[in-house]
Structures are given as structure tokens and as C-alpha cells.
file coords.cif (mmCIF, N, CA and C atoms)
data_upload
#
loop_
_atom_site.label_atom_id
_atom_site.label_comp_id
_atom_site.auth_asym_id
_atom_site.auth_seq_id
_atom_site.Cartn_x
_atom_site.Cartn_y
_atom_site.Cartn_z
N MET A 356 156.64 141.25 112.01
CA MET A 356 157.75 141.36 112.93
C MET A 356 158.91 140.53 112.39
N ILE A 357 160.08 141.10 112.37
CA ILE A 357 161.27 140.40 111.90
C ILE A 357 161.85 139.57 113.04
N GLY A 358 162.17 138.31 112.75
CA GLY A 358 162.72 137.43 113.76
C GLY A 358 163.89 136.62 113.23
N THR A 359 164.62 136.03 114.16
CA THR A 359 165.72 135.15 113.79
C THR A 359 165.47 133.76 114.36
N HIS A 360 166.01 132.78 113.69
CA HIS A 360 165.92 131.38 114.10
C HIS A 360 167.24 131.00 114.77
N ASN A 361 167.14 130.38 115.95
CA ASN A 361 168.36 130.01 116.69
C ASN A 361 169.29 131.21 116.82
N THR A 362 168.80 132.19 117.51
CA THR A 362 169.43 133.50 117.63
C THR A 362 170.89 133.47 118.07
N PHE A 363 171.25 132.60 119.00
CA PHE A 363 172.60 132.60 119.57
C PHE A 363 173.60 131.73 118.80
N THR A 364 173.21 131.17 117.66
CA THR A 364 174.13 130.24 116.99
C THR A 364 175.30 130.91 116.29
N TYR A 365 175.41 132.22 116.38
CA TYR A 365 176.60 132.90 115.89
C TYR A 365 177.79 132.64 116.82
N LEU A 366 177.51 132.22 118.05
CA LEU A 366 178.55 131.97 119.03
C LEU A 366 179.31 130.69 118.74
N GLU A 367 180.48 130.59 119.30
CA GLU A 367 181.30 129.40 119.17
C GLU A 367 180.67 128.24 119.92
N ALA A 368 180.77 127.05 119.37
CA ALA A 368 180.25 125.85 120.03
C ALA A 368 181.17 125.45 121.18
N THR A 369 180.60 124.77 122.15
CA THR A 369 181.39 124.29 123.28
C THR A 369 182.29 123.13 122.87
N ASN A 370 181.94 122.43 121.83
CA ASN A 370 182.73 121.31 121.31
C ASN A 370 183.44 121.80 120.04
N SER A 371 184.76 121.80 120.04
CA SER A 371 185.51 122.35 118.91
C SER A 371 185.23 121.61 117.60
N LEU A 372 184.88 120.35 117.67
CA LEU A 372 184.55 119.61 116.45
C LEU A 372 183.33 120.22 115.75
N TYR A 373 182.35 120.68 116.53
CA TYR A 373 181.16 121.29 115.93
C TYR A 373 181.50 122.60 115.24
N ASN A 374 182.52 123.29 115.70
CA ASN A 374 182.92 124.53 115.05
C ASN A 374 183.43 124.27 113.63
N VAL A 375 184.05 123.12 113.41
CA VAL A 375 184.53 122.75 112.08
C VAL A 375 183.35 122.54 111.13
N PHE A 376 182.27 121.99 111.67
CA PHE A 376 181.09 121.67 110.86
C PHE A 376 179.92 122.62 111.15
N ASN A 377 180.22 123.87 111.42
CA ASN A 377 179.17 124.81 111.82
C ASN A 377 178.15 125.11 110.73
N ALA A 378 178.46 124.81 109.50
CA ALA A 378 177.48 125.03 108.42
C ALA A 378 176.23 124.17 108.60
N PHE A 379 176.35 123.11 109.38
CA PHE A 379 175.22 122.21 109.60
C PHE A 379 174.30 122.63 110.73
N TRP A 380 174.74 123.55 111.58
CA TRP A 380 173.91 123.95 112.71
C TRP A 380 173.83 125.47 112.91
N ARG A 381 174.77 126.21 112.37
CA ARG A 381 174.78 127.67 112.58
C ARG A 381 173.71 128.33 111.71
N CYS A 382 172.85 129.11 112.35
CA CYS A 382 171.79 129.83 111.63
C CYS A 382 172.05 131.33 111.57
N GLN A 383 172.89 131.84 112.46
CA GLN A 383 173.17 133.28 112.51
C GLN A 383 174.68 133.51 112.47
N GLU A 384 175.07 134.62 111.89
CA GLU A 384 176.48 134.97 111.82
C GLU A 384 176.81 136.26 112.54
N ILE A 385 175.79 136.98 113.00
CA ILE A 385 176.04 138.25 113.68
C ILE A 385 175.45 138.21 115.09
N SER A 386 175.97 139.05 115.94
CA SER A 386 175.58 139.07 117.36
C SER A 386 174.12 139.45 117.55
N VAL A 387 173.61 139.17 118.73
CA VAL A 387 172.25 139.56 119.06
C VAL A 387 172.11 141.08 118.94
N ARG A 388 173.09 141.82 119.41
CA ARG A 388 173.05 143.28 119.31
C ARG A 388 172.92 143.73 117.85
N ASP A 389 173.72 143.13 116.98
CA ASP A 389 173.65 143.49 115.56
C ASP A 389 172.32 143.07 114.95
N GLN A 390 171.81 141.91 115.35
CA GLN A 390 170.50 141.49 114.86
C GLN A 390 169.44 142.52 115.26
N TYR A 391 169.49 142.94 116.52
CA TYR A 391 168.54 143.92 117.04
C TYR A 391 168.68 145.25 116.26
N ASN A 392 169.91 145.69 116.07
CA ASN A 392 170.15 146.95 115.36
C ASN A 392 169.67 146.91 113.92
N MET A 393 169.59 145.69 113.34
CA MET A 393 169.10 145.54 111.98
C MET A 393 167.58 145.43 111.92
N GLY A 394 166.92 145.49 113.08
CA GLY A 394 165.46 145.49 113.11
C GLY A 394 164.81 144.23 113.64
N VAL A 395 165.61 143.24 114.02
CA VAL A 395 165.04 142.01 114.56
C VAL A 395 164.40 142.31 115.91
N ARG A 396 163.17 141.80 116.11
CA ARG A 396 162.48 142.00 117.39
C ARG A 396 161.96 140.69 117.98
N LEU A 397 162.09 139.61 117.25
CA LEU A 397 161.68 138.30 117.75
C LEU A 397 162.90 137.38 117.74
N PHE A 398 163.28 136.91 118.92
CA PHE A 398 164.47 136.10 119.07
C PHE A 398 164.10 134.69 119.51
N ASP A 399 164.59 133.71 118.78
CA ASP A 399 164.32 132.30 119.00
C ASP A 399 165.49 131.71 119.79
N ILE A 400 165.21 131.23 120.99
CA ILE A 400 166.26 130.72 121.87
C ILE A 400 165.93 129.29 122.28
N ARG A 401 166.84 128.38 121.97
CA ARG A 401 166.68 126.96 122.30
C ARG A 401 167.62 126.63 123.44
N VAL A 402 167.11 125.99 124.47
CA VAL A 402 167.92 125.66 125.64
C VAL A 402 167.85 124.18 125.97
N SER A 403 168.91 123.71 126.60
CA SER A 403 169.00 122.35 127.13
C SER A 403 169.54 122.46 128.54
N GLU A 404 169.12 121.55 129.39
CA GLU A 404 169.64 121.56 130.76
C GLU A 404 171.01 120.91 130.81
N VAL A 405 171.95 121.58 131.47
CA VAL A 405 173.28 121.02 131.68
C VAL A 405 173.68 121.20 133.14
N PHE A 406 174.61 120.38 133.59
CA PHE A 406 175.13 120.49 134.95
C PHE A 406 176.60 120.88 134.87
N GLU A 407 176.97 121.89 135.65
CA GLU A 407 178.35 122.33 135.68
C GLU A 407 178.66 122.88 137.06
N ASN A 408 179.74 122.41 137.65
CA ASN A 408 180.13 122.85 138.99
C ASN A 408 179.00 122.69 140.00
N GLY A 409 178.27 121.60 139.89
CA GLY A 409 177.20 121.30 140.84
C GLY A 409 175.94 122.14 140.66
N LYS A 410 175.84 122.91 139.58
CA LYS A 410 174.67 123.74 139.34
C LYS A 410 174.00 123.35 138.04
N LYS A 411 172.70 123.57 137.98
CA LYS A 411 171.94 123.37 136.76
C LYS A 411 171.90 124.69 135.99
N TRP A 412 172.10 124.59 134.69
CA TRP A 412 172.08 125.75 133.82
C TRP A 412 171.20 125.45 132.62
N TRP A 413 170.75 126.50 131.95
CA TRP A 413 170.11 126.35 130.64
C TRP A 413 171.16 126.75 129.61
N GLN A 414 171.65 125.77 128.86
CA GLN A 414 172.67 125.97 127.83
C GLN A 414 171.98 126.25 126.52
N VAL A 415 172.40 127.28 125.82
CA VAL A 415 171.82 127.64 124.54
C VAL A 415 172.48 126.80 123.45
N GLY A 416 171.70 126.41 122.45
CA GLY A 416 172.27 125.64 121.36
C GLY A 416 171.27 125.36 120.26
N HIS A 417 171.71 124.51 119.36
CA HIS A 417 170.87 124.08 118.24
C HIS A 417 171.16 122.61 118.01
N GLY A 418 170.19 121.77 118.34
CA GLY A 418 170.40 120.33 118.24
C GLY A 418 171.49 119.88 119.19
N ILE A 419 172.42 119.08 118.69
CA ILE A 419 173.49 118.59 119.56
C ILE A 419 174.59 119.62 119.77
N ALA A 420 174.61 120.68 118.97
CA ALA A 420 175.62 121.73 119.12
C ALA A 420 175.18 122.71 120.20
N LYS A 421 175.98 122.82 121.24
CA LYS A 421 175.72 123.80 122.30
C LYS A 421 176.72 124.93 122.15
N VAL A 422 176.26 126.16 122.38
CA VAL A 422 177.15 127.31 122.24
C VAL A 422 177.57 127.82 123.62
N LYS A 423 178.55 128.70 123.61
CA LYS A 423 179.12 129.21 124.86
C LYS A 423 178.26 130.34 125.42
N GLN A 424 177.02 130.01 125.72
CA GLN A 424 176.09 130.93 126.38
C GLN A 424 175.15 130.09 127.23
N LYS A 425 175.07 130.43 128.49
CA LYS A 425 174.13 129.71 129.36
C LYS A 425 173.55 130.69 130.37
N PHE A 426 172.42 130.29 130.91
CA PHE A 426 171.69 131.11 131.87
C PHE A 426 171.32 130.26 133.08
N VAL A 427 171.25 130.89 134.25
CA VAL A 427 170.89 130.19 135.48
C VAL A 427 169.44 129.72 135.42
N ASN A 428 168.57 130.58 134.90
CA ASN A 428 167.16 130.22 134.80
C ASN A 428 166.53 130.98 133.63
N LEU A 429 165.32 130.59 133.31
CA LEU A 429 164.64 131.21 132.16
C LEU A 429 164.32 132.68 132.43
N GLU A 430 164.06 133.01 133.67
CA GLU A 430 163.77 134.40 134.02
C GLU A 430 164.95 135.31 133.66
N ASN A 431 166.17 134.83 133.87
CA ASN A 431 167.35 135.64 133.53
C ASN A 431 167.42 135.93 132.04
N ILE A 432 166.97 134.98 131.21
CA ILE A 432 166.94 135.22 129.77
C ILE A 432 165.98 136.36 129.47
N CYS A 433 164.81 136.32 130.09
CA CYS A 433 163.80 137.36 129.88
C CYS A 433 164.29 138.72 130.37
N ILE A 434 164.90 138.75 131.54
CA ILE A 434 165.44 140.00 132.10
C ILE A 434 166.51 140.57 131.18
N TYR A 435 167.39 139.71 130.70
CA TYR A 435 168.46 140.13 129.80
C TYR A 435 167.89 140.80 128.55
N PHE A 436 166.92 140.16 127.91
CA PHE A 436 166.36 140.72 126.68
C PHE A 436 165.55 141.98 126.96
N LYS A 437 164.80 142.00 128.05
CA LYS A 437 164.00 143.19 128.36
C LYS A 437 164.90 144.40 128.62
N SER A 438 166.02 144.20 129.30
CA SER A 438 166.90 145.32 129.62
C SER A 438 167.79 145.74 128.45
N GLN A 439 168.25 144.78 127.65
CA GLN A 439 169.20 145.07 126.58
C GLN A 439 168.53 145.37 125.23
N TYR A 440 167.35 144.80 125.02
CA TYR A 440 166.70 144.89 123.72
C TYR A 440 165.22 145.25 123.88
N PRO A 441 164.94 146.51 124.26
CA PRO A 441 163.56 146.93 124.51
C PRO A 441 162.67 146.71 123.29
N GLY A 442 161.44 146.29 123.58
CA GLY A 442 160.47 146.07 122.52
C GLY A 442 160.60 144.73 121.83
N SER A 443 161.55 143.92 122.29
CA SER A 443 161.74 142.63 121.65
C SER A 443 160.90 141.55 122.33
N MET A 444 160.72 140.47 121.61
CA MET A 444 160.01 139.30 122.12
C MET A 444 160.95 138.10 121.99
N ILE A 445 160.80 137.13 122.89
CA ILE A 445 161.61 135.93 122.78
C ILE A 445 160.72 134.70 122.72
N ARG A 446 161.19 133.74 122.01
CA ARG A 446 160.54 132.44 121.90
C ARG A 446 161.50 131.44 122.52
N LEU A 447 161.14 130.93 123.69
CA LEU A 447 161.98 129.96 124.39
C LEU A 447 161.50 128.55 124.09
N MET A 448 162.43 127.69 123.74
CA MET A 448 162.08 126.31 123.47
C MET A 448 163.06 125.38 124.16
N LEU A 449 162.52 124.28 124.66
CA LEU A 449 163.35 123.23 125.23
C LEU A 449 163.87 122.42 124.06
N GLU A 450 165.17 122.45 123.86
CA GLU A 450 165.77 121.87 122.65
C GLU A 450 165.80 120.35 122.65
N ASP A 451 166.17 119.76 123.75
CA ASP A 451 166.24 118.30 123.77
C ASP A 451 165.91 117.78 125.16
N LYS A 452 165.84 116.49 125.28
CA LYS A 452 165.52 115.81 126.53
C LYS A 452 164.14 116.17 127.06
N SER A 453 163.26 116.61 126.18
CA SER A 453 161.92 116.98 126.63
C SER A 453 161.12 115.77 127.07
N ASP A 454 161.65 114.57 126.79
CA ASP A 454 160.97 113.37 127.25
C ASP A 454 161.38 112.99 128.67
N GLU A 455 162.38 113.66 129.21
CA GLU A 455 162.78 113.41 130.59
C GLU A 455 161.92 114.29 131.49
N GLU A 456 161.10 113.65 132.27
CA GLU A 456 160.06 114.35 133.04
C GLU A 456 160.61 115.45 133.95
N ALA A 457 161.71 115.20 134.64
CA ALA A 457 162.25 116.21 135.56
C ALA A 457 162.68 117.47 134.83
N ILE A 458 163.31 117.31 133.68
CA ILE A 458 163.75 118.48 132.90
C ILE A 458 162.55 119.21 132.33
N LEU A 459 161.62 118.48 131.79
CA LEU A 459 160.41 119.09 131.25
C LEU A 459 159.65 119.84 132.33
N ASN A 460 159.53 119.25 133.51
CA ASN A 460 158.84 119.92 134.62
C ASN A 460 159.56 121.18 135.06
N ARG A 461 160.90 121.14 135.12
CA ARG A 461 161.66 122.35 135.48
C ARG A 461 161.42 123.44 134.45
N PHE A 462 161.46 123.09 133.17
CA PHE A 462 161.24 124.07 132.11
C PHE A 462 159.84 124.67 132.23
N LYS A 463 158.83 123.83 132.39
CA LYS A 463 157.46 124.32 132.51
C LYS A 463 157.29 125.22 133.73
N LYS A 464 157.86 124.81 134.86
CA LYS A 464 157.73 125.59 136.09
C LYS A 464 158.37 126.97 135.94
N GLU A 465 159.58 127.00 135.38
CA GLU A 465 160.25 128.29 135.19
C GLU A 465 159.54 129.14 134.14
N ALA A 466 159.06 128.52 133.08
CA ALA A 466 158.38 129.26 132.02
C ALA A 466 157.07 129.87 132.54
N ASP A 467 156.41 129.19 133.46
CA ASP A 467 155.15 129.71 134.01
C ASP A 467 155.36 130.96 134.85
N THR A 468 156.58 131.18 135.35
CA THR A 468 156.84 132.32 136.23
C THR A 468 157.29 133.56 135.47
N VAL A 469 157.62 133.41 134.19
CA VAL A 469 158.13 134.58 133.44
C VAL A 469 157.10 135.13 132.49
#
call {"tool": "encode", "arguments": {"input": "coords.cif", "output": "C-alpha cells"}}
result
Amino acid sequence: MIGTHNTFTYLEATNSLYNVFNAFWRCQEISVRDQYNMGVRLFDIRVSEVFENGKKWWQVGHGIAKVKQKFVNLENICIYFKSQYPGSMIRLMLEDKSDEEAILNRFKKEADTV
């Protein structure tokens, strides 16, 4: 099965400084749709918990670089891929702060439901 590492890193980073140094964190240069059309069926997605406007989100990124893609919950990531990219598989990983018990527990709880 063909897969990509850090699938969403083709997107712009939320911090403009990281965009200048994207060679250090960017793993993909084409969209998820283009990856899929080229035969990719395994997508690697790394998330970190962020707070914005009083809500918790799963922000996609690679290391300290976060990209302009976030999801309300892990289930939405699965629904998105199932509807847009049939036959694909996703590998969800908690990118950072996995030592913070509350975040780790939220990730585990949501992952158990999908």
C-alpha cells in the first residue's frame, strides 16, 4: 500500500516564520486529493490539541510547525477521509504534549470511538 508521511504538510504553516524554513518540516508538496489520485491510500496525520475561540481543536502539523488545517474531533477526520477518499486508511498520531494526561486521555477517548 502506498502511503505518505505527514500528509497535510503541503499546507501553509500557521506561523509565517515556519513557511520560510519549510524545508525542515514539509514532507509533502501536493494536496491530499492529488496524493490520492496518484495512488496513495495510507495517510499519516499528526495532530496537537489547540484552543481557539473557547473551543478545543485538533491542529494538524509536523513537530512545532502547525498547518492551517484543524478538526473538531478525530471522528471528523475519519468521516472526511471516508467520504472524500474511498478505500483509504489513516494513521492518526498525537504529535506533541502526549505527556499531558488530559490531552492524552482526550486523544485516547476519541480514538476509541472511531
call {"tool": "residues_near_point", "arguments": {"input": "coords.cif", "point": "(168.2, 130.4, 121.1)", "cutoff": "6 Å", "atoms": "all atoms listed in the file", "output": "list in words"}}
result
Asn361, Thr362, Phe363, Asp399, Ile400, Arg401, Val402, Val415 and Gly416 of chain A
call {"tool": "atom_distance", "arguments": {"input": "coords.cif", "atom1": "atom N of Glu367 (chain A)", "atom2": "CA of Lys423 (chain A)"}}
result
5.9 Å
call {"tool": "select_by_dssp", "arguments": {"input": "coords.cif", "residues": "chain A", "states": "strand (DSSP E or B)", "output": "ChimeraX atom specification"}}
result
/A:358-359,368,397-407,410-417,420-426,444-449
call {"tool": "closest_residue", "arguments": {"input": "coords.cif", "among": "A:Leu429, A:Ile445, A:Phe398, A:Ala368", "to": "Trp412 (chain A)", "atoms": "only N, CA and C atoms"}}
result
A:Leu429
call {"tool": "residues_near_point", "arguments": {"input": "coords.cif", "point": "(178.2, 127.2, 118.4)", "cutoff": "12 Å", "atoms": "only C-alpha atoms", "output": "ChimeraX atom specification"}}
result
/A:361-384,414-425
call {"tool": "decode", "arguments": {"input": "coords.cif", "residues": "region 366-381 of chain A", "atoms": "N, CA and C atoms", "output": "JSON list (two decimals), in the first residue's frame"}}
result
[["chain", "number", "residue", "atom", "x", "y", "z"],
["A", 366, "LEU", "N", 0.38, 22.12, 3.21],
["A", 366, "LEU", "CA", -0.32, 23.35, 3.55],
["A", 366, "LEU", "C", 0.61, 24.39, 4.17],
["A", 367, "GLU", "N", 0.17, 25.61, 4.14],
["A", 367, "GLU", "CA", 0.91, 26.71, 4.75],
["A", 367, "GLU", "C", 0.90, 26.57, 6.26],
["A", 368, "ALA", "N", 2.00, 26.92, 6.89],
["A", 368, "ALA", "CA", 2.09, 26.89, 8.35],
["A", 368, "ALA", "C", 1.33, 28.07, 8.94],
["A", 369, "THR", "N", 0.88, 27.89, 10.17],
["A", 369, "THR", "CA", 0.17, 28.97, 10.85],
["A", 369, "THR", "C", 1.13, 30.08, 11.27],
["A", 370, "ASN", "N", 2.39, 29.78, 11.41],
["A", 370, "ASN", "CA", 3.42, 30.76, 11.77],
["A", 370, "ASN", "C", 4.22, 31.06, 10.51],
["A", 371, "SER", "N", 4.21, 32.31, 10.06],
["A", 371, "SER", "CA", 4.86, 32.66, 8.80],
["A", 371, "SER", "C", 6.37, 32.38, 8.81],
["A", 372, "LEU", "N", 6.99, 32.43, 9.96],
["A", 372, "LEU", "CA", 8.42, 32.13, 10.05],
["A", 372, "LEU", "C", 8.69, 30.68, 9.62],
["A", 373, "TYR", "N", 7.80, 29.76, 9.98],
["A", 373, "TYR", "CA", 7.99, 28.36, 9.59],
["A", 373, "TYR", "C", 7.87, 28.17, 8.08],
["A", 374, "ASN", "N", 7.10, 29.02, 7.43],
["A", 374, "ASN", "CA", 6.99, 28.92, 5.98],
["A", 374, "ASN", "C", 8.31, 29.24, 5.30],
["A", 375, "VAL", "N", 9.11, 30.12, 5.89],
["A", 375, "VAL", "CA", 10.42, 30.44, 5.35],
["A", 375, "VAL", "C", 11.35, 29.23, 5.43],
["A", 376, "PHE", "N", 11.20, 28.46, 6.50],
["A", 376, "PHE", "CA", 12.07, 27.30, 6.74],
["A", 376, "PHE", "C", 11.33, 25.98, 6.53],
["A", 377, "ASN", "N", 10.43, 25.95, 5.57],
["A", 377, "ASN", "CA", 9.59, 24.76, 5.38],
["A", 377, "ASN", "C", 10.36, 23.52, 4.93],
["A", 378, "ALA", "N", 11.57, 23.68, 4.44],
["A", 378, "ALA", "CA", 12.37, 22.52, 4.05],
["A", 378, "ALA", "C", 12.69, 21.62, 5.24],
["A", 379, "PHE", "N", 12.59, 22.17, 6.44],
["A", 379, "PHE", "CA", 12.90, 21.41, 7.65],
["A", 379, "PHE", "C", 11.72, 20.61, 8.20],
["A", 380, "TRP", "N", 10.51, 20.91, 7.75],
["A", 380, "TRP", "CA", 9.35, 20.20, 8.29],
["A", 380, "TRP", "C", 8.37, 19.73, 7.21],
["A", 381, "ARG", "N", 8.42, 20.30, 6.02],
["A", 381, "ARG", "CA", 7.47, 19.92, 4.97],
["A", 381, "ARG", "C", 7.86, 18.58, 4.37]]
